[in-house]
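Just query_2.txt here, compact mmCIF, C-alpha atoms and all ligand atoms:
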# COMPACT_ATOMS: atom_id res chain seq x y z
CA MET S 1 49.87 83.96 1.00
CA VAL S 2 50.66 81.27 3.59
CA ARG S 3 50.65 83.89 6.35
CA ASP S 4 47.34 85.32 5.21
CA THR S 5 45.79 81.86 4.99
CA ALA S 6 46.98 81.05 8.52
CA ARG S 7 45.82 84.42 9.83
CA ALA S 8 42.33 84.10 8.37
CA PHE S 9 41.89 80.59 9.77
CA SER S 10 43.31 81.62 13.13
CA GLU S 11 41.07 84.67 13.51
CA LYS S 12 37.92 82.90 12.35
CA THR S 13 38.26 79.44 13.85
CA LEU S 14 40.95 79.41 16.54
CA ALA S 15 40.86 82.67 18.53
CA PRO S 16 37.10 82.58 19.23
CA ASN S 17 37.32 78.94 20.36
CA ALA S 18 40.67 78.70 22.13
CA ALA S 19 39.11 79.05 25.60
CA ARG S 20 36.69 76.23 24.77
CA PHE S 21 39.47 73.97 23.43
CA GLU S 22 41.23 74.52 26.75
CA ARG S 23 38.09 73.77 28.80
CA GLU S 24 37.33 70.63 26.81
CA GLU S 25 41.01 69.66 26.83
CA LYS S 26 41.01 68.86 23.15
CA ILE S 27 41.25 70.35 19.71
CA PRO S 28 38.37 69.10 17.56
CA ARG S 29 39.36 66.68 14.81
CA GLU S 30 37.80 68.96 12.18
CA VAL S 31 40.24 71.71 13.18
CA LEU S 32 43.21 69.36 12.68
CA ALA S 33 41.79 68.19 9.36
CA GLU S 34 41.39 71.80 8.23
CA LEU S 35 45.00 72.57 9.19
CA ALA S 36 46.09 69.72 6.90
CA ARG S 37 43.74 70.85 4.13
CA LEU S 38 45.24 74.35 4.26
CA GLY S 39 48.76 72.90 3.99
CA LEU S 40 49.66 74.00 7.52
CA MET S 41 50.66 70.51 8.68
CA SER S 42 53.25 70.32 5.89
CA VAL S 43 54.39 73.88 5.20
CA ASN S 44 57.99 72.92 4.41
CA ILE S 45 57.29 69.53 2.79
CA PRO S 46 57.78 69.08 -0.98
CA ALA S 47 54.68 69.00 -3.15
CA ARG S 48 55.55 65.48 -4.36
CA TYR S 49 54.66 64.33 -0.84
CA GLU S 50 51.51 66.46 -0.83
CA GLY S 51 53.19 69.23 1.16
CA ALA S 52 52.71 72.98 0.73
CA GLU S 53 56.40 73.35 -0.26
CA ALA S 54 56.41 76.93 1.00
CA GLY S 55 59.68 76.83 2.97
CA ALA S 56 60.89 77.45 6.50
CA VAL S 57 60.21 81.20 6.49
CA ALA S 58 56.58 80.68 5.50
CA TYR S 59 56.37 78.06 8.24
CA ALA S 60 57.52 80.59 10.86
CA LEU S 61 55.06 83.19 9.55
CA ALA S 62 52.22 80.66 9.69
CA MET S 63 53.23 79.62 13.20
CA PHE S 64 53.11 83.26 14.44
CA GLU S 65 49.51 83.44 13.24
CA ILE S 66 48.27 80.07 14.48
CA ALA S 67 49.81 80.60 17.93
CA ARG S 68 48.27 84.07 18.09
CA GLY S 69 44.87 82.38 17.82
CA CYS S 70 45.43 79.20 19.84
CA ALA S 71 48.72 78.10 21.37
CA SER S 72 47.49 74.51 21.87
CA THR S 73 46.69 74.15 18.17
CA ALA S 74 50.10 75.65 17.41
CA VAL S 75 52.03 72.99 19.32
CA THR S 76 50.05 70.23 17.62
CA MET S 77 50.94 71.78 14.28
CA ALA S 78 54.59 72.34 15.28
CA VAL S 79 55.19 68.72 16.25
CA THR S 80 53.42 67.40 13.14
CA ASN S 81 55.50 69.60 10.83
CA MET S 82 58.68 68.57 12.67
CA VAL S 83 57.83 64.86 12.35
CA GLY S 84 56.97 65.22 8.65
CA GLU S 85 60.23 67.05 8.00
CA VAL S 86 62.42 64.56 9.84
CA ILE S 87 60.90 61.64 7.90
CA GLU S 88 61.20 63.55 4.64
CA LYS S 89 64.86 64.34 5.34
CA PHE S 90 66.04 60.94 6.56
CA GLY S 91 63.41 58.49 5.30
CA THR S 92 63.39 56.03 2.41
CA ASP S 93 61.00 56.59 -0.49
CA ALA S 94 58.61 54.05 0.99
CA GLN S 95 58.68 55.77 4.41
CA ARG S 96 58.06 59.15 2.79
CA ASP S 97 55.22 57.84 0.65
CA ARG S 98 53.47 56.37 3.62
CA PHE S 99 54.16 58.76 6.47
CA VAL S 100 55.09 62.15 5.03
CA LYS S 101 52.14 62.03 2.63
CA GLY S 102 49.87 60.73 5.38
CA LEU S 103 50.75 63.66 7.65
CA ALA S 104 50.45 66.24 4.88
CA THR S 105 47.02 65.05 3.75
CA GLY S 106 45.71 64.67 7.29
CA GLU S 107 45.15 60.94 6.88
CA LEU S 108 47.51 60.29 9.80
CA VAL S 109 46.04 63.25 11.77
CA ALA S 110 49.29 64.27 13.52
CA GLY S 111 52.81 63.13 14.30
CA ALA S 112 54.47 62.39 17.65
CA PHE S 113 58.13 62.83 18.58
CA ALA S 114 59.17 60.31 21.22
CA LEU S 115 62.64 61.30 22.41
CA SER S 116 62.43 62.32 26.09
CA GLU S 117 62.16 59.85 28.92
CA PRO S 118 61.35 60.27 32.61
CA GLU S 119 65.07 60.35 33.39
CA ALA S 120 66.40 61.68 30.09
CA GLY S 121 65.09 65.16 29.31
CA SER S 122 67.85 67.72 28.74
CA ASP S 123 70.22 64.76 28.37
CA PRO S 124 68.63 62.50 25.74
CA GLY S 125 71.97 60.72 25.32
CA ALA S 126 71.16 58.98 28.62
CA MET S 127 67.99 57.32 27.31
CA ARG S 128 67.25 53.76 28.41
CA THR S 129 64.68 52.60 25.88
CA THR S 130 66.19 49.77 23.87
CA ALA S 131 65.60 48.30 20.42
CA GLU S 132 66.81 44.74 19.96
CA ARG S 133 67.05 42.69 16.79
CA LYS S 134 64.85 39.58 16.69
CA GLY S 135 65.19 37.95 13.28
CA ASP S 136 63.99 40.47 10.73
CA ARG S 137 62.25 42.61 13.36
CA TRP S 138 63.07 45.19 16.01
CA VAL S 139 61.64 44.92 19.50
CA ILE S 140 61.43 48.22 21.38
CA SER S 141 61.08 48.38 25.17
CA GLY S 142 61.05 51.40 27.43
CA THR S 143 59.13 54.45 28.59
CA LYS S 144 58.89 57.85 26.93
CA ALA S 145 57.65 61.07 28.52
CA TRP S 146 55.93 64.33 27.47
CA ILE S 147 54.71 63.04 24.12
CA SER S 148 52.59 65.69 22.40
CA ASN S 149 49.73 64.43 20.20
CA ALA S 150 50.11 60.86 21.53
CA GLU S 151 46.36 60.25 21.79
CA PHE S 152 45.65 60.84 18.10
CA ALA S 153 49.01 60.75 16.27
CA GLY S 154 49.12 58.33 13.32
CA VAL S 155 52.90 57.89 13.49
CA PHE S 156 55.47 58.06 16.29
CA VAL S 157 59.14 58.76 15.73
CA VAL S 158 60.79 56.78 18.51
CA TRP S 159 64.41 56.93 19.63
CA ALA S 160 65.95 53.84 21.22
CA ARG S 161 69.32 52.45 22.14
CA THR S 162 70.56 49.87 19.63
CA GLY S 163 74.05 49.34 21.02
CA GLY S 164 76.63 51.05 23.14
CA ALA S 165 76.44 53.82 25.69
CA GLY S 166 76.05 57.52 25.08
CA THR S 167 74.89 59.40 22.03
CA ALA S 168 76.48 57.06 19.45
CA GLY S 169 74.34 54.06 20.45
CA ILE S 170 70.96 55.55 19.58
CA SER S 171 68.79 54.89 16.50
CA THR S 172 65.47 56.22 15.25
CA PHE S 173 62.37 54.19 14.36
CA LEU S 174 58.97 54.88 12.83
CA VAL S 175 56.15 53.27 14.75
CA PRO S 176 52.59 53.54 13.39
CA ALA S 177 49.78 54.11 15.88
CA GLY S 178 48.06 50.89 16.84
CA THR S 179 51.22 48.77 16.75
CA PRO S 180 50.83 46.16 19.52
CA GLY S 181 52.97 47.12 22.52
CA LEU S 182 52.76 50.87 21.83
CA VAL S 183 50.76 52.00 24.85
CA VAL S 184 49.66 55.60 25.35
CA GLY S 185 49.69 56.44 29.04
CA LYS S 186 48.26 59.15 31.23
CA HIS S 187 47.32 62.54 29.82
CA GLU S 188 49.35 65.09 31.81
CA ASP S 189 47.36 67.66 33.80
CA LYS S 190 49.29 70.71 32.62
CA MET S 191 49.40 74.36 33.71
CA GLY S 192 48.91 75.60 30.15
CA LEU S 193 48.42 74.39 26.58
CA ARG S 194 45.51 72.46 28.03
CA GLY S 195 43.87 72.00 24.65
CA SER S 196 46.89 69.98 23.50
CA CYS S 197 47.50 66.44 24.63
CA THR S 198 50.73 65.41 26.32
CA CYS S 199 51.12 61.79 27.43
CA ALA S 200 53.52 59.22 28.70
CA LEU S 201 54.22 56.39 26.26
CA THR S 202 55.22 52.82 27.03
CA LEU S 203 56.86 50.53 24.51
CA ASP S 204 56.14 47.12 25.85
CA GLY S 205 58.06 44.74 23.62
CA CYS S 206 56.75 46.71 20.65
CA GLU S 207 57.65 44.79 17.47
CA ILE S 208 58.25 46.60 14.21
CA PRO S 209 59.70 45.42 10.89
CA GLU S 210 63.33 45.91 9.89
CA ASP S 211 62.43 48.72 7.50
CA ALA S 212 61.03 50.82 10.36
CA LEU S 213 64.56 52.12 11.03
CA LEU S 214 64.82 55.81 10.06
CA GLY S 215 68.23 56.82 8.76
CA GLU S 216 71.37 54.96 9.78
CA LEU S 217 71.80 52.52 12.61
CA GLY S 218 73.46 54.49 15.42
CA GLY S 219 72.68 57.80 13.71
CA GLY S 220 69.64 58.59 15.84
CA PHE S 221 71.10 61.22 18.15
CA LYS S 222 72.15 63.45 15.27
CA ILE S 223 68.74 63.04 13.64
CA ALA S 224 67.15 64.20 16.91
CA MET S 225 69.49 67.19 17.19
CA MET S 226 68.85 68.27 13.61
CA ALA S 227 65.09 67.90 14.03
CA LEU S 228 65.23 69.91 17.25
CA ASP S 229 67.18 72.70 15.56
CA GLY S 230 64.21 73.16 13.23
CA GLY S 231 61.70 72.58 16.02
CA ARG S 232 63.24 75.41 18.02
CA ILE S 233 62.43 77.88 15.26
CA GLY S 234 58.83 76.69 15.52
CA ILE S 235 58.74 77.21 19.30
CA GLY S 236 60.33 80.67 19.03
CA ALA S 237 57.59 81.48 16.52
CA GLN S 238 54.91 79.97 18.74
CA ALA S 239 56.04 82.09 21.73
CA SER S 240 56.10 85.21 19.55
CA GLY S 241 52.57 84.47 18.39
CA ILE S 242 51.29 84.06 21.95
CA ALA S 243 53.02 87.32 22.95
CA THR S 244 51.41 89.08 19.97
CA ALA S 245 47.97 88.04 21.20
CA ALA S 246 48.80 89.23 24.74
CA LEU S 247 50.15 92.54 23.51
CA GLU S 248 47.13 93.17 21.30
CA ALA S 249 44.86 92.47 24.27
CA GLY S 250 46.92 94.72 26.55
CA VAL S 251 46.89 97.60 24.06
CA ALA S 252 43.12 97.33 23.58
CA TYR S 253 42.60 97.27 27.33
CA ALA S 254 44.93 100.26 27.87
CA ARG S 255 42.89 102.27 25.38
CA ASP S 256 39.53 101.41 26.95
CA ARG S 257 40.23 101.30 30.66
CA LYS S 258 39.87 104.66 32.41
CA GLN S 259 41.35 105.61 35.78
CA PHE S 260 42.02 109.06 37.21
CA GLY S 261 39.78 110.44 34.45
CA LYS S 262 41.76 109.17 31.46
CA SER S 263 42.72 106.01 29.57
CA ILE S 264 45.45 104.12 31.39
CA GLY S 265 47.33 104.09 28.05
CA GLU S 266 47.97 107.80 28.65
CA PHE S 267 50.13 106.99 31.68
CA GLN S 268 53.84 106.61 31.10
CA ALA S 269 54.04 103.47 33.27
CA ILE S 270 51.71 101.65 30.88
CA GLN S 271 53.26 103.22 27.78
CA TRP S 272 56.70 101.94 28.71
CA MET S 273 55.42 98.42 29.19
CA ILE S 274 53.83 98.60 25.74
CA ALA S 275 56.90 100.20 24.15
CA ASP S 276 59.33 97.63 25.58
CA SER S 277 57.00 94.77 24.68
CA ARG S 278 56.56 95.88 21.09
CA THR S 279 60.31 96.39 20.64
CA GLU S 280 61.22 93.01 22.14
CA LEU S 281 58.51 91.25 20.16
CA ASP S 282 59.82 92.66 16.88
CA ALA S 283 63.37 91.64 17.80
CA ALA S 284 62.15 88.13 18.68
CA LYS S 285 60.33 87.73 15.37
CA LEU S 286 63.35 88.95 13.44
CA LEU S 287 65.60 86.40 15.18
CA VAL S 288 63.08 83.67 14.38
CA LEU S 289 62.91 84.73 10.75
CA ARG S 290 66.69 84.91 10.46
CA ALA S 291 67.04 81.34 11.71
CA ALA S 292 64.26 80.25 9.33
CA GLN S 293 65.96 81.99 6.42
CA LEU S 294 69.26 80.23 7.18
CA LYS S 295 67.47 76.90 7.36
CA GLN S 296 65.74 77.59 4.08
CA ALA S 297 69.08 78.47 2.47
CA GLY S 298 70.51 75.11 3.58
CA ALA S 299 73.03 76.68 5.99
CA PHE S 300 73.90 75.33 9.48
CA PHE S 301 71.46 77.16 11.75
CA SER S 302 71.77 75.44 15.12
CA ARG S 303 73.14 78.50 16.95
CA GLU S 304 70.70 80.93 15.36
CA ALA S 305 67.74 78.65 16.14
CA ALA S 306 68.85 78.43 19.79
CA MET S 307 69.30 82.22 19.94
CA ALA S 308 65.84 82.76 18.46
CA LYS S 309 64.27 80.27 20.84
CA VAL S 310 65.81 81.52 24.06
CA PHE S 311 65.24 85.19 23.24
CA ALA S 312 61.71 84.84 21.86
CA THR S 313 60.45 82.56 24.62
CA GLU S 314 61.94 84.58 27.48
CA LYS S 315 60.74 87.91 26.08
CA ALA S 316 57.34 86.41 25.30
CA GLY S 317 57.03 85.33 28.94
CA LEU S 318 57.85 88.85 30.06
CA ILE S 319 55.43 90.42 27.58
CA CYS S 320 52.54 88.17 28.64
CA ASP S 321 53.24 88.95 32.29
CA ARG S 322 53.38 92.71 31.66
CA MET S 323 50.12 92.59 29.71
CA LEU S 324 48.44 90.78 32.58
CA GLN S 325 49.67 93.65 34.79
CA VAL S 326 48.12 96.17 32.37
CA HIS S 327 44.79 94.37 32.84
CA GLY S 328 45.06 94.69 36.64
CA GLY S 329 42.70 92.46 38.65
CA TYR S 330 40.66 91.59 35.57
CA GLY S 331 43.75 90.03 34.04
CA TYR S 332 43.78 87.51 36.87
CA THR S 333 40.36 86.16 35.87
CA LYS S 334 39.25 83.88 33.07
CA ASP S 335 37.02 86.69 31.72
CA PHE S 336 40.09 87.87 29.80
CA ALA S 337 42.38 85.73 27.63
CA VAL S 338 45.61 87.15 29.03
CA GLU S 339 45.78 84.73 31.96
CA ARG S 340 45.68 81.86 29.44
CA HIS S 341 48.52 83.44 27.46
CA VAL S 342 50.62 83.66 30.65
CA ARG S 343 50.06 79.94 31.32
CA ASP S 344 50.44 78.83 27.71
CA VAL S 345 53.68 80.69 27.07
CA ARG S 346 55.46 79.34 30.15
CA VAL S 347 56.33 75.94 28.68
CA THR S 348 58.04 77.46 25.65
CA ARG S 349 61.03 78.10 27.93
CA ILE S 350 61.08 74.39 28.78
CA TYR S 351 60.15 72.15 25.86
CA GLU S 352 62.25 71.48 22.73
CA GLY S 353 65.23 72.33 24.91
CA THR S 354 65.13 74.49 28.04
CA SER S 355 66.49 78.04 28.05
CA GLU S 356 69.53 76.62 29.82
CA ILE S 357 70.15 74.10 27.02
CA GLN S 358 69.75 76.81 24.37
CA ARG S 359 72.47 78.83 26.12
CA THR S 360 74.68 75.72 26.14
CA VAL S 361 74.16 75.26 22.39
CA ILE S 362 74.86 78.96 21.70
CA ALA S 363 77.98 79.09 23.88
CA ARG S 364 79.42 75.85 22.42
CA ASN S 365 78.93 77.20 18.91
CA VAL S 366 80.42 80.59 19.75
CA LEU S 367 83.42 79.11 21.55
CA ARG S 368 84.13 76.44 18.93
N1 LIG Y 401 73.23 68.99 14.40
C1 LIG Y 401 73.94 67.91 14.00
N2 LIG Y 401 74.69 67.17 14.84
C2 LIG Y 401 74.72 67.54 16.13
C3 LIG Y 401 74.00 68.65 16.61
C4 LIG Y 401 73.24 69.39 15.68
N3 LIG Y 401 72.53 70.46 16.06
N4 LIG Y 401 74.22 68.77 17.93
C5 LIG Y 401 75.04 67.77 18.29
N5 LIG Y 401 75.34 67.03 17.19
C6 LIG Y 401 76.24 65.87 17.13
C7 LIG Y 401 77.62 66.25 17.64
O1 LIG Y 401 78.39 66.82 16.60
C8 LIG Y 401 78.17 64.93 18.12
O2 LIG Y 401 78.63 64.21 17.00
P1 LIG Y 401 80.01 63.34 17.08
O3 LIG Y 401 79.74 62.31 18.15
O4 LIG Y 401 80.14 62.76 15.72
O5 LIG Y 401 81.08 64.30 17.47
C9 LIG Y 401 76.93 64.21 18.65
O6 LIG Y 401 75.80 64.85 18.02
C10 LIG Y 401 76.81 64.32 20.14
O7 LIG Y 401 76.77 65.69 20.45
P2 LIG Y 401 77.22 66.27 21.87
O8 LIG Y 401 78.46 65.60 22.31
O9 LIG Y 401 77.20 67.74 21.78
O10 LIG Y 401 76.02 65.74 22.82
P3 LIG Y 401 75.64 66.09 24.31
O11 LIG Y 401 75.17 64.83 24.94
O12 LIG Y 401 76.71 66.88 24.96
O13 LIG Y 401 74.31 66.97 24.13
C11 LIG Y 401 72.94 68.92 23.87
C12 LIG Y 401 74.24 68.18 23.51
C13 LIG Y 401 72.92 69.39 25.31
C14 LIG Y 401 72.90 70.11 22.94
C15 LIG Y 401 71.73 68.00 23.58
O14 LIG Y 401 71.70 66.93 24.49
C16 LIG Y 401 70.39 68.72 23.65
O15 LIG Y 401 70.00 69.41 22.72
N6 LIG Y 401 69.62 68.53 24.76
C17 LIG Y 401 68.27 69.02 24.85
C18 LIG Y 401 67.32 68.03 24.31
C19 LIG Y 401 65.97 68.61 24.06
O16 LIG Y 401 65.85 69.65 23.43
N7 LIG Y 401 64.94 67.93 24.54
C20 LIG Y 401 63.61 68.33 24.33
C21 LIG Y 401 62.95 67.28 23.54
S1 LIG Y 401 61.49 67.82 22.75
S2 LIG Y 401 60.19 68.02 24.18
Take the structure in this file and express it as structure tokens.
Amino acid sequence: MVRDTARAFSEKTLAPNAARFEREEKIPREVLAELARLGLMSVNIPARYEGAEAGAVAYALAMFEIARGCASTAVTMAVTNMVGEVIEKFGTDAQRDRFVKGLATGELVAGAFALSEPEAGSDPGAMRTTAERKGDRWVISGTKAWISNAEFAGVFVVWARTGGAGTAGISTFLVPAGTPGLVVGKHEDKMGLRGSCTCALTLDGCEIPEDALLGELGGGFKIAMMALDGGRIGIGAQASGIATAALEAGVAYARDRKQFGKSIGEFQAIQWMIADSRTELDAAKLLVLRAAQLKQAGAFFSREAAMAKVFATEKAGLICDRMLQVHGGYGYTKDFAVERHVRDVRVTRIYEGTSEIQRTVIARNVLR
């Protein structure tokens, strides 16, 4: 039911407008509100916090469909679900009531995940942003980078150093939009996902109350890692959804386009590209669903999420590129969506942990 709901919305509202969202560099507010109304901003959030309570597998299925229609909308949804889940998992009742409910209902529009910094990307343990105690308040200072949804997010999950070097000295805080000192910086001019917003973020002596701490003092790095494990399932699903759209477009084009007196789909060169793409796409989706199933069952799924992410994103990149090749010269123009899929899918091998980091996570888990 969740998949069908996401598919209907994606086909009716997202796919026909994705090129416009990219041109206008924004996803209309009504689209975000509708995602919340349909339960797609809170797929794996309990009903007592207004979530859809449909589980991690349903979330992956929904993400396939939303990304198939519009990859920019999909990343906005992915980050919001991840933020809702991390607050639900580690938050106090008061934090859940305010923020998890707010994200699920759409009142807070979207969530933002402020972990990376200009000089701490693959190595978040090297972050420099600090949070210092001042009476009964925390004062956060530093700069964050690549923050999706920053322009309209209602709540930011912010990681900062509260004492000591390395991963043990990091804590997590909830900072509502509009808090003085929380300054949204420049909107990055990206290669793809141009409908989504990605900004720098400055915390300029940003003061928040004591109860803004999420989870335990010094426990922030593990919270980030656990949230990213789940986030990686979402990005594997997003990449699979983009590849599905590219493959569907390539197949349609191969049927219609005639050269040498027949459809190009009758040539073995094109058939093999389609056959390999379909096989790899199914394998990618199955890896994503396996990781989601493990998460849903409450098992440790870090390795499987990394495997799903690295495989799905790398194969999705290949599939999009092959399908552009099937389109020939037309594929290189904006008259066809496939060039957008090629650009949109590229970042899935970078964000929420690069392919190289996924391989590190997999190898460490295998060797342990
Ligand atoms: N779940 C729970 N705990 C985890 C964990 C996970 N998936 N991964 C690591 N931890 C714990 C470790 O067990 C360790 O705990 P102890 O100190 O109690 O032993 C602690 O976290 C530190 O882990 P580790 O020593 O492995 O940290 P590293 O600095 O070596 O980093 C990687 C590990 C590379 C995996 C991590 O930095 C990473 O994922 N980097 C990529 C970050 C990323 O994805 N950024 C994108 C942000 S979104 S755009």
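You can rank S:Ala243, S:Ala168, S:Cys197, S:Ala312 by their closest distance to ligand LIG 401 (chain Y) using only C-alpha atoms and all ligand atoms, and at the top of that list sits S:Ala168.
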field: Residues within 9 Å of Lys134 (chain S), all atoms listed in the file, excluding chain neighbours under 4 positions, as a list of chain:residue names
entry: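 What passes the distance filter is S:Trp138, S:Val139, S:Glu207.
For the residues S:Gly121, S:Gly218, S:Gly106, S:Gly230, ranking by smallest atom-to-atom distance to ligand LIG 401 (chain Y) using only C-alpha atoms and all ligand atoms places S:Gly121 first.
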statement: Atom pair atom C17 of ligand LIG 401 (chain Y) + CA of Glu117 (chain S), distance 11.7 Å
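Here the question is which of S:Arg303, S:Arg340, S:Lys334, S:Arg232 gets nearest to Arg364 (chain S) using all atoms listed in the file, and that residue is S:Arg303.
As for CA of Ala56 (chain S) and CA of Ala306 (chain S), they are spaced 15.5 Å apart.
In terms of minimum interatomic distance to Val158 (chain S), S:Gly220 ranks closest within S:Gly125, S:Gly234, S:Gly220, S:Gly51, counting all atoms listed in the file.
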task: Please provide the set of residues having any atom within 10 Å of region 208-217 of chain S, restricted to only C-alpha atoms, with same-chain residues fewer than 2 positions apart removed, written as a VMD selection string.
output: chain S and resid 86 to 87 89 to 92 94 to 95 131 133 to 140 157 to 159 161 to 163 168 to 176 179 to 181 205 to 206 219 to 220 223
Selection to disk with C-alpha atoms, as a CSV table (one decimal), in the coordinates of the input:
chain,number,residue,atom,x,y,z
S,86,VAL,CA,62.4,64.6,9.8
S,87,ILE,CA,60.9,61.6,7.9
S,89,LYS,CA,64.9,64.3,5.3
S,90,PHE,CA,66.0,60.9,6.6
S,91,GLY,CA,63.4,58.5,5.3
S,92,THR,CA,63.4,56.0,2.4
S,94,ALA,CA,58.6,54.0,1.0
S,95,GLN,CA,58.7,55.8,4.4
S,131,ALA,CA,65.6,48.3,20.4
S,133,ARG,CA,67.0,42.7,16.8
S,134,LYS,CA,64.8,39.6,16.7
S,135,GLY,CA,65.2,38.0,13.3
S,136,ASP,CA,64.0,40.5,10.7
S,137,ARG,CA,62.2,42.6,13.4
S,138,TRP,CA,63.1,45.2,16.0
S,139,VAL,CA,61.6,44.9,19.5
S,140,ILE,CA,61.4,48.2,21.4
S,157,VAL,CA,59.1,58.8,15.7
S,158,VAL,CA,60.8,56.8,18.5
S,159,TRP,CA,64.4,56.9,19.6
S,161,ARG,CA,69.3,52.4,22.1
S,162,THR,CA,70.6,49.9,19.6
S,163,GLY,CA,74.0,49.3,21.0
S,168,ALA,CA,76.5,57.1,19.4
S,169,GLY,CA,74.3,54.1,20.4
S,170,ILE,CA,71.0,55.6,19.6
S,171,SER,CA,68.8,54.9,16.5
S,172,THR,CA,65.5,56.2,15.2
S,173,PHE,CA,62.4,54.2,14.4
S,174,LEU,CA,59.0,54.9,12.8
S,175,VAL,CA,56.2,53.3,14.8
S,176,PRO,CA,52.6,53.5,13.4
S,179,THR,CA,51.2,48.8,16.8
S,180,PRO,CA,50.8,46.2,19.5
S,181,GLY,CA,53.0,47.1,22.5
S,205,GLY,CA,58.1,44.7,23.6
S,206,CYS,CA,56.8,46.7,20.6
S,219,GLY,CA,72.7,57.8,13.7
S,220,GLY,CA,69.6,58.6,15.8
S,223,ILE,CA,68.7,63.0,13.6
field: Separation of atom O16 of ligand LIG 401 (chain Y) from CA of Gly111 (chain S), in Å and rounded to one decimal
entry: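 Between atom O16 of ligand LIG 401 (chain Y) and CA of Gly111 (chain S) the gap works out to 17.2 Å.
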message: If the limit is 6 Å from any atom of ligand LIG 401 (chain Y), counting only C-alpha atoms and all ligand atoms, which residues qualify? Return them as a list of chain:residue names.
response: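 Counting only what the definition allows, namely only C-alpha atoms and all ligand atoms, the set is S:Ser116, S:Gly121, S:Ser122, S:Asp123, S:Pro124, S:Gly125, S:Thr167, S:Phe221, S:Lys222, S:Met225, S:Met226, S:Asp229, S:Ser302, S:Tyr351, S:Glu352, S:Gly353, S:Ile357, S:Val361.
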query: At most 12 Å from (37.7, 71.6, 15.7), file frame, only C-alpha atoms: which residues, as a PyMOL selection string?
result: chain S and resi 9-10+12-18+20-22+24-35+70+72-73+195
task: Would you mind listing what lies within 12 Å of Glu248 (chain S) as a list of chain:residue names, with all atoms listed in the file counted and same-chain residues fewer than 2 positions away left out?
output: S:Arg68, S:Gly69, S:Gly241, S:Ile242, S:Ala243, S:Thr244, S:Ala245, S:Ala246, S:Gly250, S:Val251, S:Ala252, S:Tyr253, S:Ala254, S:Arg255, S:Ile274, S:Ser277, S:Arg278, S:Leu281, S:Ile319, S:Cys320, S:Met323, S:Leu324, S:Val326, S:His327, S:Ala337, S:Val338, S:His341
- prompt: Residues at most 8 Å from Thr202 (chain S), counting all atoms listed in the file, excluding those fewer than 4 positions away in the same chain, as a PyMOL selection string?
  reply: chain S and resi 141-144+181-185
message: Applying 8 Å and only C-alpha atoms, which residues near Leu193 (chain S) remain after dropping the ones on its own chain fewer than 3 positions away? List them as a VMD selection string.
response: chain S and resid 22 71 to 72 190 196 343 to 344
- prompt: Nearest to Met191 (chain S) among S:Glu11, S:Ala165, S:Val347, S:Phe311, with distances taken over all atoms listed in the file: which residue is it?
  reply: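 Nearest candidate to Met191 (chain S) out of S:Glu11, S:Ala165, S:Val347, S:Phe311: S:Val347.
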- request: Please work out which residues fall within 7 Å of (55.4, 62.8, -1.0), coordinates as given in the file, with only C-alpha atoms counting, and return them as a list in words.
  value: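 Applying the cut-off with only C-alpha atoms, one gets Pro46, Ala47, Arg48, Tyr49, Glu50, Arg96, Asp97, Val100 and Lys101 of chain S.
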message: Considering only C-alpha atoms, can you say which of S:Ala308, S:Gln238, S:Gly84, S:Thr333 comes closest to Phe156 (chain S)?
response: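 Among S:Ala308, S:Gln238, S:Gly84, S:Thr333, it is S:Gly84 that comes nearest to Phe156 (chain S).
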Please output region 129-135 of chain S, rebuilt to include N, CA, C and O atoms, as a PDB file, in the coordinates of the input.
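Everything below was put into result.pdb:
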ATOM      1  N   THR S 129      65.504  53.420  26.778  1.00  0.00           N
ATOM      2  CA  THR S 129      64.680  52.600  25.880  1.00  0.00           C
ATOM      3  C   THR S 129      65.604  51.847  24.920  1.00  0.00           C
ATOM      4  O   THR S 129      66.547  52.427  24.387  1.00  0.00           O
ATOM      5  N   THR S 130      65.306  50.572  24.730  1.00  0.00           N
ATOM      6  CA  THR S 130      66.190  49.770  23.870  1.00  0.00           C
ATOM      7  C   THR S 130      65.417  49.244  22.653  1.00  0.00           C
ATOM      8  O   THR S 130      64.202  49.045  22.709  1.00  0.00           O
ATOM      9  N   ALA S 131      66.156  49.000  21.591  1.00  0.00           N
ATOM     10  CA  ALA S 131      65.600  48.300  20.420  1.00  0.00           C
ATOM     11  C   ALA S 131      66.542  47.131  20.148  1.00  0.00           C
ATOM     12  O   ALA S 131      67.739  47.333  19.947  1.00  0.00           O
ATOM     13  N   GLU S 132      65.974  45.928  20.189  1.00  0.00           N
ATOM     14  CA  GLU S 132      66.810  44.740  19.960  1.00  0.00           C
ATOM     15  C   GLU S 132      66.369  44.013  18.708  1.00  0.00           C
ATOM     16  O   GLU S 132      65.175  43.924  18.417  1.00  0.00           O
ATOM     17  N   ARG S 133      67.365  43.461  17.997  1.00  0.00           N
ATOM     18  CA  ARG S 133      67.050  42.690  16.790  1.00  0.00           C
ATOM     19  C   ARG S 133      66.484  41.325  17.192  1.00  0.00           C
ATOM     20  O   ARG S 133      66.990  40.673  18.089  1.00  0.00           O
ATOM     21  N   LYS S 134      65.380  40.929  16.493  1.00  0.00           N
ATOM     22  CA  LYS S 134      64.850  39.580  16.690  1.00  0.00           C
ATOM     23  C   LYS S 134      64.485  39.102  15.281  1.00  0.00           C
ATOM     24  O   LYS S 134      63.457  39.505  14.736  1.00  0.00           O
ATOM     25  N   GLY S 135      65.390  38.354  14.667  1.00  0.00           N
ATOM     26  CA  GLY S 135      65.190  37.950  13.280  1.00  0.00           C
ATOM     27  C   GLY S 135      65.153  39.189  12.391  1.00  0.00           C
ATOM     28  O   GLY S 135      66.053  40.029  12.438  1.00  0.00           O
TER      29      GLY S 135
END
